[in-house]
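K.L.:
Sharing work_3.pdb, PDB, C-alpha atoms, pLDDT in the B column:
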```
ATOM      1  CA  MET A  88      12.501  11.571 -50.132  1.00 82.00           C
ATOM      2  CA  LEU A  89      14.470   8.769 -48.488  1.00 94.00           C
ATOM      3  CA  GLN A  90      17.815   8.070 -50.141  1.00 94.00           C
ATOM      4  CA  ILE A  91      20.271   5.246 -50.749  1.00 96.00           C
ATOM      5  CA  GLY A  92      21.909   4.266 -47.472  1.00 97.00           C
ATOM      6  CA  ASP A  93      18.914   5.245 -45.321  1.00 97.00           C
ATOM      7  CA  GLN A  94      17.289   2.694 -43.023  1.00 97.00           C
ATOM      8  CA  ALA A  95      13.922   1.724 -44.507  1.00 98.00           C
ATOM      9  CA  PRO A  96      11.167   2.663 -42.054  1.00 98.00           C
ATOM     10  CA  ASP A  97       9.271  -0.322 -40.715  1.00 98.00           C
ATOM     11  CA  PHE A  98       5.508  -0.421 -41.176  1.00 98.00           C
ATOM     12  CA  THR A  99       2.522  -2.726 -41.005  1.00 97.00           C
ATOM     13  CA  LEU A 100      -0.293  -2.666 -43.591  1.00 97.00           C
ATOM     14  CA  ASN A 101      -3.003  -5.105 -44.611  1.00 93.00           C
ATOM     15  CA  THR A 102      -2.730  -7.245 -47.721  1.00 91.00           C
ATOM     16  CA  THR A 103      -5.514  -8.226 -50.110  1.00 88.00           C
ATOM     17  CA  THR A 104      -6.272 -11.183 -47.841  1.00 85.00           C
ATOM     18  CA  GLY A 105      -6.615  -8.956 -44.781  1.00 86.00           C
ATOM     19  CA  GLU A 106      -3.407 -10.302 -43.263  1.00 90.00           C
ATOM     20  CA  ALA A 107      -0.916  -7.887 -41.754  1.00 95.00           C
ATOM     21  CA  PHE A 108       2.302  -7.373 -43.713  1.00 96.00           C
ATOM     22  CA  ARG A 109       5.224  -6.087 -41.643  1.00 97.00           C
ATOM     23  CA  LEU A 110       8.380  -5.061 -43.485  1.00 98.00           C
ATOM     24  CA  SER A 111      10.620  -6.087 -40.582  1.00 97.00           C
ATOM     25  CA  ASP A 112       9.362  -9.693 -40.898  1.00 97.00           C
ATOM     26  CA  LEU A 113      11.527  -9.995 -44.040  1.00 96.00           C
ATOM     27  CA  ARG A 114      14.645  -8.488 -42.463  1.00 96.00           C
ATOM     28  CA  GLY A 115      17.539 -10.903 -42.530  1.00 95.00           C
ATOM     29  CA  GLN A 116      15.670 -13.159 -44.970  1.00 95.00           C
ATOM     30  CA  ARG A 117      14.934 -11.401 -48.267  1.00 95.00           C
ATOM     31  CA  ASN A 118      15.581  -8.209 -50.170  1.00 97.00           C
ATOM     32  CA  VAL A 119      12.409  -6.208 -50.808  1.00 97.00           C
ATOM     33  CA  VAL A 120      11.259  -4.313 -53.877  1.00 97.00           C
ATOM     34  CA  LEU A 121       8.787  -1.847 -52.396  1.00 98.00           C
ATOM     35  CA  TYR A 122       6.946   0.028 -55.099  1.00 97.00           C
ATOM     36  CA  PHE A 123       4.494   2.868 -54.584  1.00 96.00           C
ATOM     37  CA  TYR A 124       2.010   3.468 -57.388  1.00 95.00           C
ATOM     38  CA  PRO A 125      -0.889   5.890 -57.869  1.00 94.00           C
ATOM     39  CA  LYS A 126      -3.991   3.755 -58.506  1.00 94.00           C
ATOM     40  CA  ASP A 127      -5.242   0.249 -59.284  1.00 96.00           C
ATOM     41  CA  ASP A 128      -6.364  -0.491 -62.842  1.00 94.00           C
ATOM     42  CA  THR A 129      -5.014   2.660 -64.492  1.00 93.00           C
ATOM     43  CA  PRO A 130      -2.923   2.153 -67.656  1.00 93.00           C
ATOM     44  CA  GLY A 131       0.533   2.913 -66.212  1.00 90.00           C
ATOM     45  CA  CYS A 132      -0.113   1.118 -62.939  1.00 93.00           C
ATOM     46  CA  THR A 133      -1.469  -1.951 -64.714  1.00 95.00           C
ATOM     47  CA  ALA A 134       1.557  -2.055 -67.034  1.00 94.00           C
ATOM     48  CA  GLU A 135       3.893  -1.775 -64.044  1.00 94.00           C
ATOM     49  CA  ALA A 136       2.092  -4.459 -61.991  1.00 96.00           C
ATOM     50  CA  CYS A 137       1.919  -6.858 -64.958  1.00 96.00           C
ATOM     51  CA  SER A 138       5.601  -6.302 -65.698  1.00 95.00           C
ATOM     52  CA  PHE A 139       6.438  -7.205 -62.087  1.00 96.00           C
ATOM     53  CA  ARG A 140       4.092 -10.216 -62.437  1.00 97.00           C
ATOM     54  CA  ASP A 141       5.697 -11.414 -65.674  1.00 97.00           C
ATOM     55  CA  GLN A 142       9.181 -11.232 -64.155  1.00 95.00           C
ATOM     56  CA  TYR A 143       8.223 -12.246 -60.617  1.00 97.00           C
ATOM     57  CA  GLN A 144      10.147 -15.522 -60.780  1.00 97.00           C
ATOM     58  CA  ASP A 145      13.292 -13.552 -61.673  1.00 96.00           C
ATOM     59  CA  PHE A 146      12.817 -11.477 -58.514  1.00 96.00           C
ATOM     60  CA  GLN A 147      12.300 -14.619 -56.450  1.00 96.00           C
ATOM     61  CA  ASP A 148      15.446 -16.141 -57.962  1.00 96.00           C
ATOM     62  CA  LEU A 149      17.342 -12.985 -56.962  1.00 96.00           C
ATOM     63  CA  GLY A 150      16.185 -13.430 -53.352  1.00 95.00           C
ATOM     64  CA  ALA A 151      13.655 -10.597 -53.371  1.00 97.00           C
ATOM     65  CA  GLU A 152       9.995 -10.109 -52.539  1.00 97.00           C
ATOM     66  CA  VAL A 153       7.956  -7.609 -54.551  1.00 97.00           C
ATOM     67  CA  VAL A 154       5.414  -5.518 -52.634  1.00 98.00           C
ATOM     68  CA  GLY A 155       3.100  -2.897 -54.131  1.00 98.00           C
ATOM     69  CA  VAL A 156       1.590  -0.012 -52.147  1.00 97.00           C
ATOM     70  CA  SER A 157      -1.176   2.429 -53.034  1.00 96.00           C
ATOM     71  CA  SER A 158      -3.962   4.260 -51.252  1.00 94.00           C
ATOM     72  CA  ASP A 159      -6.592   1.988 -52.786  1.00 95.00           C
ATOM     73  CA  SER A 160      -8.719  -0.160 -50.485  1.00 94.00           C
ATOM     74  CA  GLU A 161      -8.194  -3.846 -49.782  1.00 93.00           C
ATOM     75  CA  ALA A 162     -11.273  -4.572 -51.930  1.00 94.00           C
ATOM     76  CA  SER A 163      -9.828  -2.634 -54.872  1.00 96.00           C
ATOM     77  CA  HIS A 164      -6.514  -4.469 -54.464  1.00 96.00           C
ATOM     78  CA  GLN A 165      -8.361  -7.810 -54.391  1.00 96.00           C
ATOM     79  CA  LYS A 166     -10.066  -7.070 -57.722  1.00 97.00           C
ATOM     80  CA  PHE A 167      -6.826  -5.785 -59.272  1.00 98.00           C
ATOM     81  CA  THR A 168      -4.875  -8.825 -58.029  1.00 97.00           C
ATOM     82  CA  GLN A 169      -7.473 -11.304 -59.303  1.00 97.00           C
ATOM     83  CA  LYS A 170      -7.979  -9.573 -62.654  1.00 98.00           C
ATOM     84  CA  HIS A 171      -4.251  -9.546 -63.438  1.00 98.00           C
ATOM     85  CA  ARG A 172      -3.197 -12.675 -61.474  1.00 97.00           C
ATOM     86  CA  LEU A 173      -0.623 -10.817 -59.398  1.00 98.00           C
ATOM     87  CA  PRO A 174       1.523 -13.231 -57.342  1.00 97.00           C
ATOM     88  CA  PHE A 175       2.840 -10.609 -54.890  1.00 97.00           C
ATOM     89  CA  PRO A 176       1.113  -8.655 -52.134  1.00 96.00           C
ATOM     90  CA  LEU A 177      -0.533  -5.288 -52.653  1.00 97.00           C
ATOM     91  CA  LEU A 178      -0.871  -3.221 -49.506  1.00 97.00           C
ATOM     92  CA  ALA A 179      -3.679  -0.817 -48.677  1.00 96.00           C
ATOM     93  CA  ASP A 180      -2.162   2.472 -47.463  1.00 96.00           C
ATOM     94  CA  SER A 181      -5.572   4.141 -47.163  1.00 90.00           C
ATOM     95  CA  GLY A 182      -4.446   7.134 -45.141  1.00 89.00           C
ATOM     96  CA  GLY A 183      -1.158   7.488 -46.999  1.00 93.00           C
ATOM     97  CA  GLN A 184       0.878   7.036 -43.796  1.00 95.00           C
ATOM     98  CA  VAL A 185       3.500   4.745 -45.348  1.00 97.00           C
ATOM     99  CA  ARG A 186       3.771   6.984 -48.413  1.00 96.00           C
ATOM    100  CA  LYS A 187       4.539   9.841 -45.997  1.00 95.00           C
ATOM    101  CA  LEU A 188       7.042   7.694 -44.043  1.00 96.00           C
ATOM    102  CA  TYR A 189       8.939   7.065 -47.282  1.00 97.00           C
ATOM    103  CA  GLU A 190       8.545  10.714 -48.327  1.00 94.00           C
ATOM    104  CA  VAL A 191       7.158   9.744 -51.739  1.00 94.00           C
ATOM    105  CA  PRO A 192       6.441  13.000 -53.570  1.00 88.00           C
ATOM    106  CA  ARG A 193       3.187  13.776 -55.309  1.00 82.00           C
ATOM    107  CA  ALA A 194       3.230  14.095 -59.102  1.00 73.00           C
ATOM    108  CA  LEU A 195       1.475  16.114 -61.794  1.00 65.00           C
ATOM    109  CA  LEU A 196       1.186  19.385 -59.906  1.00 61.00           C
ATOM    110  CA  GLY A 197       0.553  17.537 -56.665  1.00 62.00           C
ATOM    111  CA  LEU A 198      -2.648  15.945 -57.951  1.00 69.00           C
ATOM    112  CA  LEU A 199      -1.523  12.308 -58.084  1.00 78.00           C
ATOM    113  CA  PRO A 200       0.380  10.110 -55.665  1.00 86.00           C
ATOM    114  CA  GLY A 201       3.888   9.506 -57.042  1.00 87.00           C
ATOM    115  CA  ARG A 202       5.381   6.356 -58.537  1.00 91.00           C
ATOM    116  CA  VAL A 203       8.577   5.444 -56.678  1.00 94.00           C
ATOM    117  CA  THR A 204      10.354   2.113 -56.236  1.00 95.00           C
ATOM    118  CA  PHE A 205      12.758   1.284 -53.417  1.00 97.00           C
ATOM    119  CA  VAL A 206      15.116  -1.693 -53.279  1.00 97.00           C
ATOM    120  CA  ILE A 207      15.704  -2.586 -49.630  1.00 97.00           C
ATOM    121  CA  ASP A 208      18.415  -5.087 -48.744  1.00 97.00           C
ATOM    122  CA  LYS A 209      18.155  -7.880 -46.175  1.00 95.00           C
ATOM    123  CA  GLN A 210      19.492  -5.565 -43.465  1.00 96.00           C
ATOM    124  CA  GLY A 211      16.717  -3.039 -44.140  1.00 97.00           C
ATOM    125  CA  ILE A 212      18.940  -0.487 -45.890  1.00 97.00           C
ATOM    126  CA  ILE A 213      17.714   1.290 -49.030  1.00 98.00           C
ATOM    127  CA  GLN A 214      20.030   0.329 -51.890  1.00 96.00           C
ATOM    128  CA  TYR A 215      18.181   1.984 -54.782  1.00 95.00           C
ATOM    129  CA  VAL A 216      15.457   4.559 -55.418  1.00 95.00           C
ATOM    130  CA  PHE A 217      13.719   5.094 -58.771  1.00 93.00           C
ATOM    131  CA  ASN A 218      11.206   7.913 -59.207  1.00 89.00           C
ATOM    132  CA  SER A 219       9.344   8.185 -62.518  1.00 85.00           C
ATOM    133  CA  MET A 220       5.667   8.596 -63.333  1.00 76.00           C
ATOM    134  CA  SER A 221       6.037   8.141 -67.079  1.00 75.00           C
ATOM    135  CA  ARG A 222       8.407   5.154 -67.239  1.00 80.00           C
ATOM    136  CA  ALA A 223       6.325   2.650 -65.269  1.00 72.00           C
ATOM    137  CA  THR A 224       7.884  -0.538 -66.617  1.00 78.00           C
ATOM    138  CA  ASP A 225      11.430   0.827 -66.180  1.00 81.00           C
ATOM    139  CA  HIS A 226      10.848   0.393 -62.439  1.00 76.00           C
ATOM    140  CA  VAL A 227      10.969  -3.356 -63.061  1.00 87.00           C
ATOM    141  CA  SER A 228      14.054  -3.629 -65.278  1.00 86.00           C
ATOM    142  CA  THR A 229      16.209  -1.269 -63.239  1.00 88.00           C
ATOM    143  CA  THR A 230      15.395  -2.955 -59.929  1.00 93.00           C
ATOM    144  CA  LYS A 231      16.331  -6.359 -61.357  1.00 93.00           C
ATOM    145  CA  ASP A 232      19.755  -4.978 -62.289  1.00 91.00           C
ATOM    146  CA  VAL A 233      20.256  -3.636 -58.752  1.00 94.00           C
ATOM    147  CA  LEU A 234      19.218  -6.957 -57.215  1.00 95.00           C
ATOM    148  CA  ALA A 235      21.605  -8.841 -59.489  1.00 93.00           C
ATOM    149  CA  LYS A 236      24.464  -6.626 -58.253  1.00 92.00           C
ATOM    150  CA  LEU A 237      23.422  -7.204 -54.624  1.00 90.00           C
ATOM    151  CA  ALA A 238      23.420 -10.960 -55.261  1.00 87.00           C
ATOM    152  CA  GLU A 239      26.963 -10.772 -56.659  1.00 85.00           C
ATOM    153  CA  GLY A 240      28.462  -9.146 -53.712  1.00 70.00           C
TER     154      GLY A 240
END
```
Just give me the structure of the file as structure tokens.
P.N.:
Amino acid sequence: MLQIGDQAPDFTLNTTTGEAFRLSDLRGQRNVVLYFYPKDDTPGCTAEACSFRDQYQDFQDLGAEVVGVSSDSEASHQKFTQKHRLPFPLLADSGGQVRKLYEVPRALLGLLPGRVTFVIDKQGIIQYVFNSMSRATDHVSTTKDVLAKLAEG
């Protein structure tokens, strides 16, 4: 898996609106919280997404954009976004290419896509990696702490 200090690989994926999202478009402008999750509308993934939603303004205030990635389709992401009023983009990584680029490991005996969050600074360097299937909402609190430290210095 990619580590702290690595250059974050650039990619382009479609959002729920069908627009292309390119990571490099945010370079020099905003930090990015890029979180990979297994599946829309499952208990852990919903808790994680809603936790990011509920604290989204904090992330914005810290100069960061939150971006979620799973293998679900754009249509699935649209339903999930509308149902839970998510203010940040979800990206459809249907073939799992971006998951492979970021070397996100599979979980539960290789049966499920893993849950990993990366904090990428404005220069495109990975500043933090958190990998945990069972502690979905911890992805939110720990990334806020990292962003606060980046903002300080």
K.L.:
Could you list, as a PDB file with C-alpha atoms, keeping the file's coordinate frame, every residue within 7 Å of Val216 of chain A, counting only C-alpha atoms and ignoring same-chain residues fewer than 3 positions away?
P.N.:
```pdb
ATOM      1  CA  GLN A  90      17.815   8.070 -50.141  1.00 94.00           C
ATOM      2  CA  ILE A  91      20.271   5.246 -50.749  1.00 96.00           C
ATOM      3  CA  THR A 204      10.354   2.113 -56.236  1.00 95.00           C
ATOM      4  CA  PHE A 205      12.758   1.284 -53.417  1.00 97.00           C
ATOM      5  CA  VAL A 206      15.116  -1.693 -53.279  1.00 97.00           C
TER       6      VAL A 206
END
```
K.L.:
In Å, how far is it from atom CA of Leu149 of chain A to atom CA of Leu188 of chain A?
P.N.:
26.5 Å
K.L.:
Decode the PyMOL selection byres ((chain A and resi 202) around 8) for the given file into explicit residues and return them as a list in words.
P.N.:
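With the PyMOL selection byres ((chain A and resi 202) around 8) on this model, the match is Tyr122, Phe123, Tyr124, Pro125, Val191, Pro200, Gly201, Val203, Thr204, Asn218, Ser219, Met220 and Ala223 of chain A.
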K.L.:
Just write the chosen residues, C-alpha atoms, as a PDB file, keeping the file's coordinate frame.
P.N.:
```
ATOM      1  CA  TYR A 122       6.946   0.028 -55.099  1.00 97.00           C
ATOM      2  CA  PHE A 123       4.494   2.868 -54.584  1.00 96.00           C
ATOM      3  CA  TYR A 124       2.010   3.468 -57.388  1.00 95.00           C
ATOM      4  CA  PRO A 125      -0.889   5.890 -57.869  1.00 94.00           C
ATOM      5  CA  VAL A 191       7.158   9.744 -51.739  1.00 94.00           C
ATOM      6  CA  PRO A 200       0.380  10.110 -55.665  1.00 86.00           C
ATOM      7  CA  GLY A 201       3.888   9.506 -57.042  1.00 87.00           C
ATOM      8  CA  VAL A 203       8.577   5.444 -56.678  1.00 94.00           C
ATOM      9  CA  THR A 204      10.354   2.113 -56.236  1.00 95.00           C
ATOM     10  CA  ASN A 218      11.206   7.913 -59.207  1.00 89.00           C
ATOM     11  CA  SER A 219       9.344   8.185 -62.518  1.00 85.00           C
ATOM     12  CA  MET A 220       5.667   8.596 -63.333  1.00 76.00           C
ATOM     13  CA  ALA A 223       6.325   2.650 -65.269  1.00 72.00           C
TER      14      ALA A 223
END
```
K.L.:
Using all atoms listed in the file, can you tell me which of A:Ser221, A:Leu100, A:Cys137, A:Leu234 comes closest to Gly183 of chain A?
P.N.:
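Among the listed residues, A:Leu100 lies closest to Gly183 of chain A.
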K.L.:
State, in Å with one decimal place, the distance from atom CA of Leu121 of chain A to atom CA of Val156 of chain A.
P.N.:
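Between these atoms lies a distance of 7.4 Å.
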K.L.:
Given all atoms listed in the file as the basis, pick out the residue of A:Ala151, A:Ile207, A:Asp180, A:Asp225 nearest to Arg117 of chain A.
P.N.:
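With all atoms listed in the file as the atom set, the closest residue is A:Ala151.
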K.L.:
If the PyMOL selection byres ((chain A and resi 113) around 10) is run on the structure shown, which residues does it catch, given as an MDAnalysis selection string?
P.N.:
chainID A and resid 108:112 114:119 151:152 208:211
K.L.:
Expanded to explicit residues, what is the PyMOL selection byres ((chain A and resi 89) around 7) for this file, as a list in words?
P.N.:
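Here the PyMOL selection byres ((chain A and resi 89) around 7) matches Met88, Gln90, Asp93, Tyr189 and Glu190 of chain A.
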K.L.:
Just the number, please: distance in Å from atom CA of Asp127 of chain A to atom CA of Ser157 of chain A, one decimal.
P.N.:
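Interatomic distance, atom CA of Asp127 of chain A to atom CA of Ser157 of chain A: 7.8 Å.
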K.L.:
Looking at all atoms listed in the file, which of A:Phe98, A:Tyr143, A:Tyr215, A:Phe175 is the one that sits closest to Lys236 of chain A?
P.N.:
A:Tyr215
